[in-house]
>>> print(open('input28.csv').read())   # CSV, C-alpha atoms
chain,number,residue,atom,x,y,z
A,1,MET,CA,0.5,-1.6,-38.2
A,2,PRO,CA,1.0,-5.4,-38.1
A,3,THR,CA,4.6,-6.4,-38.5
A,4,HIS,CA,4.0,-9.8,-40.0
A,5,HIS,CA,1.4,-11.3,-42.3
A,6,GLU,CA,0.7,-14.8,-43.5
A,7,ASP,CA,1.3,-13.5,-47.0
A,8,ASP,CA,4.8,-12.3,-46.1
A,9,GLU,CA,5.8,-15.9,-46.6
A,10,SER,CA,5.3,-15.6,-50.3
A,11,PRO,CA,8.5,-15.5,-52.3
A,12,ALA,CA,6.7,-14.4,-55.4
A,13,LEU,CA,5.4,-11.1,-53.8
A,14,TYR,CA,8.9,-9.9,-53.0
A,15,GLU,CA,10.6,-11.5,-56.0
A,16,SER,CA,8.4,-9.4,-58.3
A,17,LEU,CA,9.0,-6.2,-56.3
A,18,THR,CA,12.7,-6.8,-56.3
A,19,ASP,CA,12.7,-7.4,-60.1
A,20,SER,CA,11.2,-4.0,-60.5
A,21,VAL,CA,13.9,-2.5,-58.3
A,22,ARG,CA,16.5,-4.2,-60.4
A,23,ARG,CA,15.1,-2.6,-63.5
A,24,LEU,CA,15.1,0.8,-61.8
A,25,LEU,CA,18.7,0.3,-60.8
A,26,ASP,CA,19.6,-0.3,-64.4
A,27,VAL,CA,17.7,2.6,-65.9
A,28,THR,CA,19.0,5.0,-63.1
A,29,ILE,CA,22.5,4.3,-64.6
A,30,ARG,CA,21.4,4.6,-68.2
A,31,SER,CA,18.7,7.3,-68.3
A,32,GLN,CA,19.1,10.4,-70.4
A,33,GLY,CA,16.0,12.0,-69.0
A,34,ASP,CA,15.9,15.7,-68.4
A,35,PRO,CA,15.9,17.2,-64.9
A,36,ALA,CA,12.0,17.4,-64.8
A,37,THR,CA,11.8,13.7,-65.7
A,38,VAL,CA,14.4,12.7,-63.1
A,39,ALA,CA,12.6,14.8,-60.4
A,40,SER,CA,9.3,13.2,-61.3
A,41,ALA,CA,10.7,9.7,-61.1
A,42,GLN,CA,12.5,10.5,-57.9
A,43,ALA,CA,9.3,11.6,-56.2
A,44,LYS,CA,7.7,8.3,-57.1
A,45,ILE,CA,10.7,6.4,-55.7
A,46,ASP,CA,10.6,8.4,-52.5
A,47,ALA,CA,6.9,7.7,-52.1
A,48,ALA,CA,7.5,3.9,-52.6
A,49,VAL,CA,10.3,4.1,-50.0
A,50,ALA,CA,7.9,5.7,-47.5
A,51,GLU,CA,5.2,3.0,-48.1
A,52,LEU,CA,7.7,0.1,-47.7
A,53,SER,CA,9.2,1.7,-44.6
A,54,GLY,CA,5.9,1.5,-42.6
A,55,ALA,CA,7.3,-1.6,-40.9
A,56,LEU,CA,10.9,-2.7,-41.3
A,57,ILE,CA,13.0,-5.6,-40.1
A,58,PRO,CA,15.7,-3.9,-37.9
A,59,GLY,CA,19.2,-3.9,-39.2
A,60,SER,CA,19.5,-6.5,-41.9
A,61,PHE,CA,17.5,-9.5,-43.2
A,62,GLY,CA,19.9,-12.2,-41.8
A,63,VAL,CA,18.9,-15.7,-42.5
A,64,GLN,CA,15.3,-16.5,-41.6
A,65,GLN,CA,13.4,-19.8,-41.7
A,66,ASP,CA,10.3,-20.7,-43.5
A,67,ARG,CA,7.5,-22.7,-41.9
A,68,ASP,CA,9.4,-25.9,-42.7
A,69,GLY,CA,12.6,-24.7,-41.2
A,70,ASN,CA,14.4,-24.1,-44.5
A,71,PRO,CA,16.8,-21.2,-44.4
A,72,ARG,CA,15.9,-18.1,-46.4
A,73,ALA,CA,18.9,-15.9,-47.2
A,74,TRP,CA,16.6,-13.4,-49.0
A,75,GLY,CA,18.9,-10.4,-48.2
A,76,ASN,CA,22.1,-12.1,-49.4
A,77,ALA,CA,24.3,-9.9,-51.7
A,78,VAL,CA,24.6,-12.7,-54.3
A,79,ILE,CA,21.6,-15.0,-54.0
A,80,GLY,CA,19.1,-12.9,-52.1
A,81,LEU,CA,15.7,-12.7,-53.9
A,82,ARG,CA,14.8,-9.5,-52.0
A,83,ASN,CA,18.2,-7.9,-52.7
A,84,ALA,CA,18.3,-5.9,-56.0
A,85,LEU,CA,22.1,-5.7,-55.7
A,86,ALA,CA,22.1,-9.5,-56.2
A,87,PRO,CA,21.7,-10.7,-59.8
A,88,PRO,CA,20.4,-13.0,-58.1
A,89,LEU,CA,22.5,-16.1,-58.7
A,90,VAL,CA,20.5,-19.3,-58.8
A,91,LEU,CA,22.8,-22.1,-57.6
A,92,HIS,CA,22.6,-25.6,-59.0
A,93,HIS,CA,24.1,-28.3,-56.8
A,94,GLU,CA,25.2,-31.5,-58.7
A,95,ALA,CA,25.4,-35.0,-57.2
A,96,ASP,CA,29.3,-34.9,-57.4
A,97,GLY,CA,29.3,-31.8,-55.1
A,98,SER,CA,30.0,-29.3,-57.8
A,99,VAL,CA,28.0,-26.1,-58.0
A,100,TRP,CA,27.2,-23.9,-61.0
A,101,ALA,CA,25.1,-20.9,-62.0
A,102,GLU,CA,24.4,-19.0,-65.2
A,103,VAL,CA,23.5,-15.4,-65.2
A,104,VAL,CA,23.3,-12.3,-67.4
A,105,LEU,CA,25.0,-9.3,-66.0
A,106,GLY,CA,24.1,-5.8,-67.1
A,107,ALA,CA,25.2,-2.2,-66.6
A,108,ALA,CA,25.1,-2.3,-62.8
A,109,TYR,CA,28.1,-4.7,-62.7
A,110,GLU,CA,30.4,-2.7,-64.9
A,111,GLY,CA,34.1,-1.9,-64.2
A,112,PRO,CA,36.1,-1.4,-67.3
A,113,PRO,CA,33.8,-0.1,-70.1
A,114,GLY,CA,31.6,-3.0,-71.4
A,115,HIS,CA,33.2,-5.4,-68.9
A,116,VAL,CA,32.3,-6.9,-65.5
A,117,HIS,CA,34.1,-5.2,-62.6
A,118,GLY,CA,37.0,-7.5,-61.5
A,119,GLY,CA,35.6,-7.3,-57.9
A,120,ILE,CA,32.2,-8.5,-59.1
A,121,CYS,CA,33.9,-11.5,-60.6
A,122,ALA,CA,35.5,-12.1,-57.2
A,123,LEU,CA,32.1,-11.7,-55.5
A,124,LEU,CA,30.4,-14.3,-57.7
A,125,LEU,CA,33.3,-16.7,-57.4
A,126,ASP,CA,33.6,-16.3,-53.6
A,127,HIS,CA,29.9,-17.3,-53.3
A,128,VAL,CA,30.0,-20.2,-55.8
A,129,LEU,CA,33.2,-21.7,-54.4
A,130,GLY,CA,31.8,-21.2,-50.9
A,131,ALA,CA,28.6,-23.0,-51.8
A,132,THR,CA,30.5,-26.2,-52.4
A,133,ALA,CA,31.3,-26.2,-48.6
A,134,HIS,CA,27.8,-25.2,-47.4
A,135,LYS,CA,25.8,-27.8,-45.5
A,136,PRO,CA,22.2,-27.3,-44.4
A,137,GLY,CA,22.2,-25.2,-41.3
A,138,ARG,CA,26.0,-25.2,-41.3
A,139,PRO,CA,27.3,-22.4,-43.5
A,140,ALA,CA,31.0,-21.9,-44.4
A,141,VAL,CA,32.9,-18.7,-44.4
A,142,THR,CA,35.8,-17.7,-46.6
A,143,GLY,CA,39.3,-18.3,-45.2
A,144,THR,CA,41.3,-17.4,-48.2
A,145,LEU,CA,40.5,-16.7,-51.9
A,146,THR,CA,42.9,-16.4,-54.8
A,147,LEU,CA,41.8,-15.1,-58.2
A,148,ARG,CA,43.6,-15.1,-61.5
A,149,TYR,CA,42.2,-12.9,-64.2
A,150,ASP,CA,43.0,-14.4,-67.7
A,151,LEU,CA,40.7,-12.3,-69.9
A,152,GLY,CA,38.3,-9.4,-69.4
A,153,THR,CA,34.8,-10.6,-68.6
A,154,ARG,CA,32.4,-9.0,-70.9
A,155,LEU,CA,29.0,-7.9,-69.6
A,156,GLY,CA,26.3,-10.3,-70.7
A,157,GLN,CA,25.9,-14.1,-70.3
A,158,LEU,CA,28.3,-15.8,-67.9
A,159,ARG,CA,28.7,-19.0,-66.1
A,160,ALA,CA,30.3,-19.5,-62.7
A,161,GLU,CA,31.2,-23.0,-61.5
A,162,ALA,CA,33.1,-24.6,-58.7
A,163,ARG,CA,34.0,-28.0,-57.2
A,164,VAL,CA,35.6,-29.4,-54.1
A,165,ASP,CA,39.3,-30.2,-54.5
A,166,ARG,CA,39.6,-31.7,-51.0
A,167,VAL,CA,38.3,-31.5,-47.5
A,168,GLU,CA,40.6,-31.4,-44.4
A,169,GLY,CA,38.6,-31.3,-41.1
A,170,ALA,CA,36.6,-28.0,-41.0
A,171,LYS,CA,38.3,-26.8,-44.2
A,172,THR,CA,37.0,-27.2,-47.7
A,173,TYR,CA,39.4,-26.5,-50.6
A,174,ALA,CA,37.5,-25.4,-53.6
A,175,VAL,CA,38.4,-24.4,-57.2
A,176,GLY,CA,36.3,-22.8,-59.8
A,177,GLN,CA,36.1,-20.4,-62.7
A,178,LEU,CA,34.0,-17.8,-64.6
A,179,SER,CA,33.5,-18.1,-68.3
A,180,THR,CA,31.7,-16.2,-71.1
A,181,PRO,CA,31.4,-16.9,-74.8
A,182,ASP,CA,35.0,-15.7,-75.0
A,183,GLY,CA,36.1,-18.6,-72.8
A,184,VAL,CA,37.4,-18.9,-69.2
A,185,THR,CA,38.0,-15.4,-67.9
A,186,VAL,CA,38.8,-15.8,-64.2
A,187,ARG,CA,40.1,-18.8,-62.2
A,188,ALA,CA,39.7,-19.1,-58.5
A,189,GLU,CA,40.8,-21.2,-55.6
A,190,GLY,CA,39.7,-20.8,-52.0
A,191,VAL,CA,39.6,-22.3,-48.5
A,192,PHE,CA,36.2,-22.2,-46.8
A,193,ILE,CA,35.8,-22.9,-43.1
A,194,HIS,CA,32.9,-24.1,-41.0
A,195,PRO,CA,33.2,-21.9,-37.9
A,196,ARG,CA,32.3,-23.3,-34.5
A,197,THR,CA,29.6,-20.6,-34.3
A,198,THR,CA,28.0,-18.9,-37.2
A,199,ALA,CA,28.6,-15.5,-35.5
A,200,LYS,CA,32.3,-15.6,-36.4
B,1,MET,CA,12.6,13.3,-77.0
B,2,PRO,CA,16.1,14.9,-76.8
B,3,THR,CA,18.7,12.5,-75.8
B,4,HIS,CA,21.1,15.0,-74.1
B,5,HIS,CA,20.6,18.2,-72.1
B,6,GLU,CA,22.9,20.8,-70.7
B,7,ASP,CA,21.7,19.8,-67.2
B,8,ASP,CA,22.6,16.2,-67.7
B,9,GLU,CA,26.1,17.3,-66.8
B,10,SER,CA,25.1,17.9,-63.2
B,11,PRO,CA,26.3,15.2,-60.9
B,12,ALA,CA,23.9,16.4,-58.2
B,13,LEU,CA,20.8,15.6,-60.2
B,14,TYR,CA,21.7,11.9,-60.6
B,15,GLU,CA,23.4,11.7,-57.3
B,16,SER,CA,20.2,12.6,-55.5
B,17,LEU,CA,18.1,10.2,-57.7
B,18,THR,CA,20.6,7.4,-57.0
B,19,ASP,CA,20.5,8.0,-53.3
B,20,SER,CA,16.8,7.5,-53.4
B,21,VAL,CA,17.3,4.2,-55.3
B,22,ARG,CA,19.8,3.1,-52.6
B,23,ARG,CA,17.2,3.8,-49.9
B,24,LEU,CA,14.6,1.8,-51.9
B,25,LEU,CA,17.1,-1.1,-52.3
B,26,ASP,CA,17.5,-1.2,-48.5
B,27,VAL,CA,13.8,-1.1,-47.6
B,28,THR,CA,13.0,-3.6,-50.3
B,29,ILE,CA,15.1,-6.1,-48.3
B,30,ARG,CA,13.7,-5.1,-44.9
B,31,SER,CA,10.1,-4.2,-45.5
B,32,GLN,CA,7.4,-6.0,-43.6
B,33,GLY,CA,4.6,-4.4,-45.6
B,34,ASP,CA,1.5,-6.4,-46.5
B,35,PRO,CA,0.8,-7.4,-50.1
B,36,ALA,CA,-1.4,-4.3,-50.8
B,37,THR,CA,1.5,-2.1,-49.6
B,38,VAL,CA,4.0,-4.0,-51.7
B,39,ALA,CA,1.8,-3.8,-54.8
B,40,SER,CA,1.2,-0.1,-54.4
B,41,ALA,CA,5.0,0.6,-54.0
B,42,GLN,CA,5.8,-1.6,-56.9
B,43,ALA,CA,3.4,0.3,-59.2
B,44,LYS,CA,5.2,3.6,-58.3
B,45,ILE,CA,8.6,2.0,-59.0
B,46,ASP,CA,7.4,0.6,-62.4
B,47,ALA,CA,6.1,4.1,-63.3
B,48,ALA,CA,9.5,5.6,-62.4
B,49,VAL,CA,11.2,3.0,-64.5
B,50,ALA,CA,9.0,3.9,-67.5
B,51,GLU,CA,9.7,7.7,-67.0
B,52,LEU,CA,13.5,7.1,-66.8
B,53,SER,CA,13.4,4.8,-69.8
B,54,GLY,CA,12.3,7.4,-72.3
B,55,ALA,CA,15.8,7.8,-73.5
B,56,LEU,CA,18.6,5.4,-72.4
B,57,ILE,CA,22.3,5.1,-73.0
B,58,PRO,CA,22.6,1.8,-74.9
B,59,GLY,CA,24.3,-1.1,-73.1
B,60,SER,CA,26.2,0.3,-70.2
B,61,PHE,CA,27.5,3.7,-68.9
B,62,GLY,CA,31.1,3.0,-69.7
B,63,VAL,CA,33.5,5.8,-68.9
B,64,GLN,CA,32.4,9.2,-70.3
B,65,GLN,CA,34.1,12.5,-70.2
B,66,ASP,CA,33.0,15.8,-68.8
B,67,ARG,CA,33.5,19.1,-70.6
B,68,ASP,CA,37.0,19.4,-69.2
B,69,GLY,CA,38.0,15.9,-70.4
B,70,ASN,CA,37.9,14.3,-66.9
B,71,PRO,CA,36.7,10.7,-66.8
B,72,ARG,CA,33.3,9.9,-65.3
B,73,ALA,CA,32.8,6.3,-64.2
B,74,TRP,CA,29.3,7.0,-63.0
B,75,GLY,CA,28.1,3.5,-63.7
B,76,ASN,CA,31.0,1.8,-61.9
B,77,ALA,CA,30.0,-1.0,-59.5
B,78,VAL,CA,32.1,0.4,-56.6
B,79,ILE,CA,32.5,4.1,-57.2
B,80,GLY,CA,29.6,5.0,-59.6
B,81,LEU,CA,27.5,7.8,-58.4
B,82,ARG,CA,24.7,6.7,-60.7
B,83,ASN,CA,25.0,3.1,-59.6
B,84,ALA,CA,22.8,2.2,-56.6
B,85,LEU,CA,24.7,-1.1,-56.2
B,86,ALA,CA,27.8,0.9,-55.4
B,87,PRO,CA,28.0,2.2,-51.8
B,88,PRO,CA,29.5,4.4,-53.5
B,89,LEU,CA,33.1,4.4,-52.3
B,90,VAL,CA,34.8,7.8,-52.3
B,91,LEU,CA,38.5,7.3,-52.8
B,92,HIS,CA,41.1,9.4,-51.2
B,93,HIS,CA,44.6,9.4,-52.9
B,94,GLU,CA,47.5,10.4,-50.6
B,95,ALA,CA,50.7,11.9,-51.8
B,96,ASP,CA,52.6,8.7,-51.0
B,97,GLY,CA,50.5,6.8,-53.5
B,98,SER,CA,48.2,5.1,-50.9
B,99,VAL,CA,44.5,5.1,-51.3
B,100,TRP,CA,41.8,4.8,-48.7
B,101,ALA,CA,38.0,5.0,-48.3
B,102,GLU,CA,35.6,4.9,-45.4
B,103,VAL,CA,32.0,3.7,-45.9
B,104,VAL,CA,29.0,2.4,-44.0
B,105,LEU,CA,27.6,-0.8,-45.4
B,106,GLY,CA,24.0,-1.8,-44.7
B,107,ALA,CA,21.6,-4.7,-45.3
B,108,ALA,CA,22.3,-4.9,-49.1
B,109,TYR,CA,25.9,-6.0,-48.5
B,110,GLU,CA,25.1,-8.9,-46.2
B,111,GLY,CA,26.4,-12.5,-46.4
B,112,PRO,CA,26.6,-14.2,-43.0
B,113,PRO,CA,23.9,-12.7,-40.7
B,114,GLY,CA,25.0,-9.2,-39.6
B,115,HIS,CA,28.2,-9.5,-41.6
B,116,VAL,CA,29.5,-8.2,-44.9
B,117,HIS,CA,29.5,-10.9,-47.6
B,118,GLY,CA,33.0,-12.2,-48.1
B,119,GLY,CA,32.7,-11.4,-51.8
B,120,ILE,CA,31.7,-7.8,-51.1
B,121,CYS,CA,35.0,-7.5,-49.1
B,122,ALA,CA,36.8,-8.8,-52.2
B,123,LEU,CA,34.9,-6.3,-54.4
B,124,LEU,CA,35.9,-3.3,-52.3
B,125,LEU,CA,39.5,-4.5,-51.9
B,126,ASP,CA,39.9,-5.2,-55.6
B,127,HIS,CA,38.9,-1.6,-56.3
B,128,VAL,CA,41.0,0.1,-53.7
B,129,LEU,CA,44.1,-1.9,-54.5
B,130,GLY,CA,43.6,-1.3,-58.2
B,131,ALA,CA,43.2,2.4,-57.6
B,132,THR,CA,46.8,2.6,-56.4
B,133,ALA,CA,47.7,1.6,-60.0
B,134,HIS,CA,45.3,3.9,-61.9
B,135,LYS,CA,46.7,6.8,-63.9
B,136,PRO,CA,44.6,9.4,-65.5
B,137,GLY,CA,43.3,8.0,-68.8
B,138,ARG,CA,45.3,4.8,-68.1
B,139,PRO,CA,43.2,2.4,-66.0
B,140,ALA,CA,44.7,-0.8,-64.6
B,141,VAL,CA,42.9,-4.2,-64.6
B,142,THR,CA,43.3,-6.9,-62.1
B,143,GLY,CA,45.9,-9.6,-62.9
B,144,THR,CA,45.7,-11.6,-59.6
B,145,LEU,CA,44.1,-10.9,-56.2
B,146,THR,CA,44.6,-12.9,-53.0
B,147,LEU,CA,42.4,-12.4,-49.9
B,148,ARG,CA,42.9,-13.6,-46.4
B,149,TYR,CA,39.9,-13.4,-44.1
B,150,ASP,CA,41.0,-13.0,-40.5
B,151,LEU,CA,37.7,-12.0,-38.9
B,152,GLY,CA,34.1,-11.6,-39.9
B,153,THR,CA,33.5,-8.1,-41.2
B,154,ARG,CA,30.4,-6.6,-39.4
B,155,LEU,CA,27.9,-4.5,-41.3
B,156,GLY,CA,28.4,-0.9,-40.4
B,157,GLN,CA,31.4,1.4,-40.5
B,158,LEU,CA,34.4,0.1,-42.3
B,159,ARG,CA,37.7,1.4,-43.8
B,160,ALA,CA,39.5,0.1,-46.9
B,161,GLU,CA,43.0,1.0,-47.6
B,162,ALA,CA,45.8,0.1,-50.0
B,163,ARG,CA,49.4,1.0,-51.0
B,164,VAL,CA,51.8,0.2,-53.7
B,165,ASP,CA,54.4,-2.4,-52.7
B,166,ARG,CA,56.4,-2.2,-55.9
B,167,VAL,CA,56.0,-1.5,-59.7
B,168,GLU,CA,57.6,-3.7,-62.3
B,169,GLY,CA,57.0,-2.5,-65.9
B,170,ALA,CA,53.3,-2.5,-66.5
B,171,LYS,CA,52.6,-4.4,-63.3
B,172,THR,CA,51.7,-2.7,-60.0
B,173,TYR,CA,52.0,-4.9,-56.8
B,174,ALA,CA,49.6,-3.6,-54.2
B,175,VAL,CA,48.7,-4.6,-50.7
B,176,GLY,CA,45.8,-3.5,-48.5
B,177,GLN,CA,43.2,-4.3,-45.9
B,178,LEU,CA,39.7,-3.8,-44.6
B,179,SER,CA,39.1,-2.9,-41.0
B,180,THR,CA,36.1,-2.3,-38.7
B,181,PRO,CA,35.9,-1.3,-35.1
B,182,ASP,CA,36.8,-5.0,-34.4
B,183,GLY,CA,40.2,-4.5,-36.1
B,184,VAL,CA,41.6,-5.7,-39.4
B,185,THR,CA,39.2,-8.2,-40.9
B,186,VAL,CA,40.5,-9.0,-44.4
B,187,ARG,CA,44.0,-8.6,-45.9
B,188,ALA,CA,44.7,-8.5,-49.7
B,189,GLU,CA,47.5,-8.4,-52.2
B,190,GLY,CA,47.1,-8.1,-55.9
B,191,VAL,CA,48.8,-7.4,-59.2
B,192,PHE,CA,47.3,-4.8,-61.4
B,193,ILE,CA,48.2,-4.4,-65.0
B,194,HIS,CA,48.1,-1.5,-67.5
B,195,PRO,CA,46.8,-3.2,-70.6
B,196,ARG,CA,48.0,-2.0,-74.0
B,197,THR,CA,44.4,-1.3,-74.9
B,198,THR,CA,41.6,-0.7,-72.4
B,199,ALA,CA,39.4,-3.1,-74.3
B,200,LYS,CA,41.4,-6.0,-73.0
>>> encode(input="input28.csv", output="structure tokens")
Amino acid sequence: MPTHHEDDESPALYESLTDSVRRLLDVTIRSQGDPATVASAQAKIDAAVAELSGALIPGSFGVQQDRDGNPRAWGNAVIGLRNALAPPLVLHHEADGSVWAEVVLGAAYEGPPGHVHGGICALLLDHVLGATAHKPGRPAVTGTLTLRYDLGTRLGQLRAEARVDRVEGAKTYAVGQLSTPDGVTVRAEGVFIHPRTTAK
Amino acid sequence: MPTHHEDDESPALYESLTDSVRRLLDVTIRSQGDPATVASAQAKIDAAVAELSGALIPGSFGVQQDRDGNPRAWGNAVIGLRNALAPPLVLHHEADGSVWAEVVLGAAYEGPPGHVHGGICALLLDHVLGATAHKPGRPAVTGTLTLRYDLGTRLGQLRAEARVDRVEGAKTYAVGQLSTPDGVTVRAEGVFIHPRTTAK
């Protein structure tokens, strides 16, 4: 079996597949199906796994490049378009260096009933704050991250945003917040570092 | 269609289904299948979604109770056995109040190539530190969380652990860390609060 095809390059192909897996993830949590229904669904899922496993990238997706040399972080836990764990967040970079994203979070992101898990809030803020420090081909990794939880973050529509407070050498100091229709729910500050090698 | 069955009470039924969804999530990231293979797999996934959607819990899973009144956080983003986003973490509570978990993280948790996303480290530590403050029927929510990243956390085997530093009224001060075969990778401290109502 060939391990690579021209059409593998198409984001839409995998984006559509991954959206289906996201829906599956949601209904796997919320289904009230009887055992026969669950068994039937599971058989279909296992068959899909077998089909997709014919040829696999070893280990993890990493960061690959498209034909134009642009990085593709399709496996990333926050922004990866092939990662059904990722909402995925679509980052908007403003001219002033700030970064924001709006997203709707459902049942898969729950901690306290009806609310986003505090650690998921941290996951999103880590990524959005870190994104203020990213340069093409020169990613930044988290040095420190501090989160203050002011309100519970309800499941549903939310906005994550961050800006650079200051840059000192390889360190970017970023601040940001999560908000919902209830207001600002979590505030964050972090230091993000450009390592000498990305394999840090 | 009935919305509830005696056999719905069985953790094993949904645990097995969710394990299949976890495998699917992984191969969706790593597959090198051609467009026909992807389309065929997607059709099976969509059929499984339709089957499982016959009767759904509205909104999110929340925390339900089994027949003995024990809480079931099956939808939880870190420990939920019906949540394919969750590894899931299996928490061990020691007599001295410390909490630990060991887990293997694969492609779905990636940030920097070959490494766990910094925000996923935060997600796991938030939960494990918070678990030191949980009492039956009296969950704690995160007040503040501070993370220090000492080393990149490689994908693979890792251990998360936490202990109570001190308790002051409704506040539990917890400390903890993540480690891999490389050593301690991330250190955390946090304040966790028992809200007057869980709907905070």
>>> residues_around(input="input28.csv", residues="stretch 173-190 of chain A", least_positions_apart="5", cutoff="9 Å", atoms="only C-alpha atoms", output="PyMOL selection string")
chain A and resi 118+121-122+124-126+128-130+132-133+142-168
>>> residues_around(input="input28.csv", residues="A:Ala73", least_positions_apart="3", cutoff="10 Å", atoms="all atoms listed in the file", output="list in words")
Phe61, Gly62, Val63, Gln64, Gln65, Asn70, Asn76, Ala77, Val78, Ile79, Gly80, Leu81, Arg82 and Asn83 of chain A; Glu110, Gly111, Pro112 and Pro113 of chain B
>>> atom_distance(input="input28.csv", atom1="atom CA of A:Leu17", atom2="atom CA of B:Arg23")
14.4 Å
>>> axis_aligned_box(input="input28.csv", around="stretch 118-125 of chain A", padding_each_side="6 Å", output="AutoDock Vina command-line options")
--center_x 33.7 --center_y -12.0 --center_z -58.5 --size_x 18.6 --size_y 21.4 --size_z 18.0
>>> closest_residue(input="input28.csv", among="B:His134, B:Leu123, B:Leu91, B:Asp68", to="chain A", atoms="only C-alpha atoms")
B:Leu123
>>> atom_distance(input="input28.csv", atom1="atom CA of A:Pro35", atom2="atom CA of B:Gln42")
22.8 Å
>>> closest_residue(input="input28.csv", among="A:Pro139, A:Pro87, A:Gly169, A:Gly119", to="chain B", atoms="only C-alpha atoms")
A:Gly119
>>> closest_residue(input="input28.csv", among="A:Asp19, A:Glu102, A:Glu94, A:Asp66", to="chain B", atoms="all atoms listed in the file")
A:Asp19
